[in-house]
Amino acid sequence: MLSRIQSDIEESLLGGPRCFTQTQIAEFAGVSRDRADRLWVAMGFAVDGDPDAIMFTQQDADALKSLTSMVDRGIISRSSEVAAARSLGQSMSRLAEWQVSLIGTHIVDQLSESGDQDPESVRKLILRLGSEIIPAVESLQTYVWKRHVASSTGRNVGNPGEEVASRILIVGFADIVGYTSLTRGLDPTELSDLLERFESASAEIIGRNFGWIVKTVGDEVMFAAESPHHASEIAMQIQESVLSDHDDPQLRVGLAMGPTLVRFGDLYGSVVNKAARLTSSARPGTVLIDSELAGAVSADANFKLRHLRPRRVRGIDRLEQYVLRRNLEP
C-alpha cells in the first residue's frame, strides 16, 4: 500500500513513471555514466546497484541535461559542479523534510476526521490532498526563492560573478547558553517551542536590519551583514528581544569583521573562526566583537565599547575582544 502511494506521488511530482536506466539517462544528457552517477549521488540520491534498473523519469533526465549544460556554457565550472549539486541537494533535502512533515500532519488530521480506513479510500484521499497542497507550496516556494535571489543580487552587485568570492563581511553567531542541559530537562514539545521562538525572533531581527541567515544548527544561528552598524544592531536586538521571558535561557553573541570566503551560500575563513571563538568566550547575556568591528563602530553614537584583555584561543594566538553595549547616555 505504502509503496503504491509513494509511486503515485512520485509520478505526480516528476511528471510520469520511471523510464530510464543509469546508462540511458547519461546518454540522454550527453555525459559519461560515471559523471551522471556522481552528480546524482551529490544531490543526495542513491544509485541502484543494478545498472539495468529503471530508476529515472523524464524530468530527471531533463534536470541532468540542464545542469551539465550550465557547466558546458561556463555558468558553473566543471571543477565545482559536484559541489554545486551537493549544496543544492542539501538545501532542498532539508526544505523537503520540513514540508513533508507539515503536509503529513495535515493529511493525518484529515484521515482522522474522515474515519475511513479502507486502504483504497486512504490512498485516494492522500493523492487528492497532495494535488491540492503541493502546487500551492510550490508556488509559494518559487516566490520566496525569487525574492531571495533579488535580495542576494542586491548584496552581491559589483562582486565577481563566481560561485566563490571574497567579501568584507561581519559574521556573527548567537547561541543558547546551556543548551545541552536544556535538552535533558525539557520534553520534546517544550524544546520545539523554545527553538521556534529563538529561530523566528532571530530571523525577524536579522532580516529587519539588512542581514541574512547563513544557517541554523540546533541552538545556534549564524548570520552575516555588510554594515557594521546593522550587524551591531542585530547583535544587540537579539540580546534584548530574543528569549526574553524570565524562565528562558540566556544567549551569547559574537561578531567579527573582515575578508570572508563566500562559497555556495556558506561562509569560511578566519573571520568565521574568530566570530565562533568570541561567541564561546562571551559571558551569558553579552555581545563580544573583534578589534576590526570595534574600530568600525567606535564613532557610532548608538554603542559603547569596553576593551577586555586579549585571549589566546585555539587557532588564534591573540584574540582581541570588546564588549558591545548600548549607549544609553543622551
# chains A, B, ... in the order shown; residues from 1 in each chain; ligands from 1
>>> residues_around(residues="stretch 278-286 of chain A", least_positions_apart="4", cutoff="12 Å", atoms="only C-alpha atoms", output="VMD selection string")
chain A and resid 171 to 178 220 to 222 235 to 244 248 to 257 271 to 274 290 to 291 305 to 306 308 to 314 316 318 to 326
>>> residues_around(residues="A:His230", least_positions_apart="6", cutoff="12 Å", atoms="only C-alpha atoms", output="list of chain:residue names")
A:Leu169, A:Ile170, A:Val171, A:Gly172, A:Ile205, A:Ile206, A:Gly207, A:Arg208, A:Asn209, A:Phe210, A:Gly211, A:Trp212, A:Phe223, A:Ala224, A:Met236, A:Gln237, A:Leu255, A:Leu293, A:Ala296, A:Val297, A:Asp300, A:Asn302, A:Phe303
>>> write_last_selection(atoms="N, CA, C and O atoms", output="PDB file, in the first residue's frame")
ATOM      1  N   LEU A 169      32.821  41.205   5.233  1.00  0.00           N
ATOM      2  CA  LEU A 169      31.538  40.991   5.896  1.00  0.00           C
ATOM      3  C   LEU A 169      31.718  40.991   7.405  1.00  0.00           C
ATOM      4  O   LEU A 169      32.827  40.782   7.911  1.00  0.00           O
ATOM      5  N   ILE A 170      30.628  41.214   8.087  1.00  0.00           N
ATOM      6  CA  ILE A 170      30.584  40.980   9.527  1.00  0.00           C
ATOM      7  C   ILE A 170      29.829  39.666   9.732  1.00  0.00           C
ATOM      8  O   ILE A 170      28.691  39.521   9.277  1.00  0.00           O
ATOM      9  N   VAL A 171      30.486  38.716  10.363  1.00  0.00           N
ATOM     10  CA  VAL A 171      29.912  37.400  10.606  1.00  0.00           C
ATOM     11  C   VAL A 171      29.575  37.278  12.082  1.00  0.00           C
ATOM     12  O   VAL A 171      30.373  37.703  12.937  1.00  0.00           O
ATOM     13  N   GLY A 172      28.414  36.738  12.371  1.00  0.00           N
ATOM     14  CA  GLY A 172      28.005  36.627  13.760  1.00  0.00           C
ATOM     15  C   GLY A 172      27.393  35.283  14.089  1.00  0.00           C
ATOM     16  O   GLY A 172      26.870  34.589  13.219  1.00  0.00           O
ATOM     17  N   ILE A 205      14.734  39.775  13.380  1.00  0.00           N
ATOM     18  CA  ILE A 205      15.693  40.845  13.686  1.00  0.00           C
ATOM     19  C   ILE A 205      16.766  40.933  12.616  1.00  0.00           C
ATOM     20  O   ILE A 205      17.125  42.026  12.154  1.00  0.00           O
ATOM     21  N   ILE A 206      17.285  39.808  12.197  1.00  0.00           N
ATOM     22  CA  ILE A 206      18.353  39.795  11.189  1.00  0.00           C
ATOM     23  C   ILE A 206      17.853  40.369   9.871  1.00  0.00           C
ATOM     24  O   ILE A 206      18.518  41.201   9.243  1.00  0.00           O
ATOM     25  N   GLY A 207      16.667  39.951   9.440  1.00  0.00           N
ATOM     26  CA  GLY A 207      16.123  40.456   8.191  1.00  0.00           C
ATOM     27  C   GLY A 207      15.777  41.929   8.254  1.00  0.00           C
ATOM     28  O   GLY A 207      16.012  42.676   7.299  1.00  0.00           O
ATOM     29  N   ARG A 208      15.229  42.369   9.380  1.00  0.00           N
ATOM     30  CA  ARG A 208      14.829  43.762   9.534  1.00  0.00           C
ATOM     31  C   ARG A 208      16.026  44.702   9.498  1.00  0.00           C
ATOM     32  O   ARG A 208      15.910  45.874   9.113  1.00  0.00           O
ATOM     33  N   ASN A 209      17.198  44.196   9.876  1.00  0.00           N
ATOM     34  CA  ASN A 209      18.404  45.026   9.913  1.00  0.00           C
ATOM     35  C   ASN A 209      19.362  44.710   8.758  1.00  0.00           C
ATOM     36  O   ASN A 209      20.571  44.898   8.882  1.00  0.00           O
ATOM     37  N   PHE A 210      18.802  44.265   7.642  1.00  0.00           N
ATOM     38  CA  PHE A 210      19.553  44.088   6.391  1.00  0.00           C
ATOM     39  C   PHE A 210      20.671  43.050   6.481  1.00  0.00           C
ATOM     40  O   PHE A 210      21.666  43.142   5.758  1.00  0.00           O
ATOM     41  N   GLY A 211      20.501  42.082   7.355  1.00  0.00           N
ATOM     42  CA  GLY A 211      21.426  40.960   7.391  1.00  0.00           C
ATOM     43  C   GLY A 211      20.777  39.741   6.763  1.00  0.00           C
ATOM     44  O   GLY A 211      19.667  39.818   6.235  1.00  0.00           O
ATOM     45  N   TRP A 212      21.460  38.623   6.807  1.00  0.00           N
ATOM     46  CA  TRP A 212      20.869  37.389   6.309  1.00  0.00           C
ATOM     47  C   TRP A 212      21.381  36.207   7.120  1.00  0.00           C
ATOM     48  O   TRP A 212      22.490  36.235   7.654  1.00  0.00           O
ATOM     49  N   PHE A 223      24.828  34.289  11.153  1.00  0.00           N
ATOM     50  CA  PHE A 223      24.301  35.325  10.275  1.00  0.00           C
ATOM     51  C   PHE A 223      25.431  36.211   9.769  1.00  0.00           C
ATOM     52  O   PHE A 223      26.575  36.122  10.230  1.00  0.00           O
ATOM     53  N   ALA A 224      25.110  37.062   8.806  1.00  0.00           N
ATOM     54  CA  ALA A 224      26.108  37.969   8.249  1.00  0.00           C
ATOM     55  C   ALA A 224      25.446  39.278   7.859  1.00  0.00           C
ATOM     56  O   ALA A 224      24.227  39.335   7.644  1.00  0.00           O
ATOM     57  N   MET A 236      22.702  43.392  19.287  1.00  0.00           N
ATOM     58  CA  MET A 236      22.088  43.971  20.478  1.00  0.00           C
ATOM     59  C   MET A 236      20.603  43.627  20.564  1.00  0.00           C
ATOM     60  O   MET A 236      20.087  43.313  21.643  1.00  0.00           O
ATOM     61  N   GLN A 237      19.903  43.675  19.438  1.00  0.00           N
ATOM     62  CA  GLN A 237      18.471  43.375  19.460  1.00  0.00           C
ATOM     63  C   GLN A 237      18.211  41.904  19.766  1.00  0.00           C
ATOM     64  O   GLN A 237      17.213  41.576  20.410  1.00  0.00           O
ATOM     65  N   LEU A 255      30.727  38.602  17.219  1.00  0.00           N
ATOM     66  CA  LEU A 255      30.819  39.195  15.881  1.00  0.00           C
ATOM     67  C   LEU A 255      32.278  39.439  15.516  1.00  0.00           C
ATOM     68  O   LEU A 255      33.082  39.848  16.365  1.00  0.00           O
ATOM     69  N   LEU A 293      35.813  45.168  13.972  1.00  0.00           N
ATOM     70  CA  LEU A 293      34.470  45.725  14.093  1.00  0.00           C
ATOM     71  C   LEU A 293      34.436  46.835  15.136  1.00  0.00           C
ATOM     72  O   LEU A 293      33.732  47.837  14.956  1.00  0.00           O
ATOM     73  N   ALA A 296      35.345  49.928  13.545  1.00  0.00           N
ATOM     74  CA  ALA A 296      34.344  50.422  12.603  1.00  0.00           C
ATOM     75  C   ALA A 296      33.151  51.077  13.298  1.00  0.00           C
ATOM     76  O   ALA A 296      32.477  51.921  12.710  1.00  0.00           O
ATOM     77  N   VAL A 297      32.857  50.688  14.556  1.00  0.00           N
ATOM     78  CA  VAL A 297      31.696  51.260  15.251  1.00  0.00           C
ATOM     79  C   VAL A 297      32.097  52.165  16.407  1.00  0.00           C
ATOM     80  O   VAL A 297      31.238  52.633  17.150  1.00  0.00           O
ATOM     81  N   ASP A 300      30.255  55.333  16.403  1.00  0.00           N
ATOM     82  CA  ASP A 300      28.797  55.214  16.316  1.00  0.00           C
ATOM     83  C   ASP A 300      28.197  55.554  17.679  1.00  0.00           C
ATOM     84  O   ASP A 300      28.433  54.857  18.673  1.00  0.00           O
ATOM     85  N   ASN A 302      25.418  55.136  18.862  1.00  0.00           N
ATOM     86  CA  ASN A 302      24.441  54.191  19.396  1.00  0.00           C
ATOM     87  C   ASN A 302      25.066  53.142  20.308  1.00  0.00           C
ATOM     88  O   ASN A 302      24.349  52.462  21.038  1.00  0.00           O
ATOM     89  N   PHE A 303      26.393  53.029  20.267  1.00  0.00           N
ATOM     90  CA  PHE A 303      27.049  51.948  21.001  1.00  0.00           C
ATOM     91  C   PHE A 303      28.220  52.470  21.823  1.00  0.00           C
ATOM     92  O   PHE A 303      28.768  53.545  21.559  1.00  0.00           O
TER      93      PHE A 303
END
>>> select_by_dssp(residues="stretch 116-193 of chain A", states="strand (DSSP E)", output="PyMOL selection string")
chain A and resi 164-176
>>> write_last_selection(atoms="N, CA and C atoms", output="mmCIF file, in the first residue's frame")
data_model
loop_
_atom_site.group_PDB
_atom_site.id
_atom_site.type_symbol
_atom_site.label_atom_id
_atom_site.label_comp_id
_atom_site.auth_asym_id
_atom_site.auth_seq_id
_atom_site.Cartn_x
_atom_site.Cartn_y
_atom_site.Cartn_z
ATOM 1 N N VAL A 164 32.574 31.263 -5.958
ATOM 2 C CA VAL A 164 33.470 31.507 -4.837
ATOM 3 C C VAL A 164 33.971 32.939 -4.929
ATOM 4 N N ALA A 165 33.838 33.711 -3.864
ATOM 5 C CA ALA A 165 34.299 35.097 -3.865
ATOM 6 C C ALA A 165 34.632 35.515 -2.442
ATOM 7 N N SER A 166 35.528 36.497 -2.309
ATOM 8 C CA SER A 166 35.896 37.026 -1.003
ATOM 9 C C SER A 166 35.287 38.407 -0.849
ATOM 10 N N ARG A 167 34.632 38.618 0.292
ATOM 11 C CA ARG A 167 33.981 39.906 0.550
ATOM 12 C C ARG A 167 34.251 40.327 1.984
ATOM 13 N N ILE A 168 34.211 41.620 2.235
ATOM 14 C CA ILE A 168 34.328 42.127 3.591
ATOM 15 C C ILE A 168 32.947 42.052 4.231
ATOM 16 N N LEU A 169 32.821 41.205 5.233
ATOM 17 C CA LEU A 169 31.538 40.991 5.896
ATOM 18 C C LEU A 169 31.718 40.991 7.405
ATOM 19 N N ILE A 170 30.628 41.214 8.087
ATOM 20 C CA ILE A 170 30.584 40.980 9.527
ATOM 21 C C ILE A 170 29.829 39.666 9.732
ATOM 22 N N VAL A 171 30.486 38.716 10.363
ATOM 23 C CA VAL A 171 29.912 37.400 10.606
ATOM 24 C C VAL A 171 29.575 37.278 12.082
ATOM 25 N N GLY A 172 28.414 36.738 12.371
ATOM 26 C CA GLY A 172 28.005 36.627 13.760
ATOM 27 C C GLY A 172 27.393 35.283 14.089
ATOM 28 N N PHE A 173 27.492 34.927 15.367
ATOM 29 C CA PHE A 173 26.829 33.742 15.894
ATOM 30 C C PHE A 173 26.047 34.141 17.138
ATOM 31 N N ALA A 174 24.868 33.534 17.304
ATOM 32 C CA ALA A 174 24.118 33.676 18.552
ATOM 33 C C ALA A 174 23.737 32.276 18.995
ATOM 34 N N ASP A 175 24.062 31.937 20.229
ATOM 35 C CA ASP A 175 23.694 30.592 20.681
ATOM 36 C C ASP A 175 23.072 30.619 22.065
ATOM 37 N N ILE A 176 22.359 29.555 22.355
ATOM 38 C CA ILE A 176 21.642 29.416 23.622
ATOM 39 C C ILE A 176 22.588 28.835 24.658
#
>>> closest_residue(among="A:Ala61, A:Ile76, A:Ile107, A:Leu261", to="A:Gly15", atoms="only C-alpha atoms")
A:Ala61
>>> atom_distance(atom1="atom CA of A:Leu182", atom2="atom CA of A:Ala276")
21.0 Å
>>> atom_distance(atom1="atom CA of A:Leu125", atom2="atom CA of A:Val137")
18.0 Å
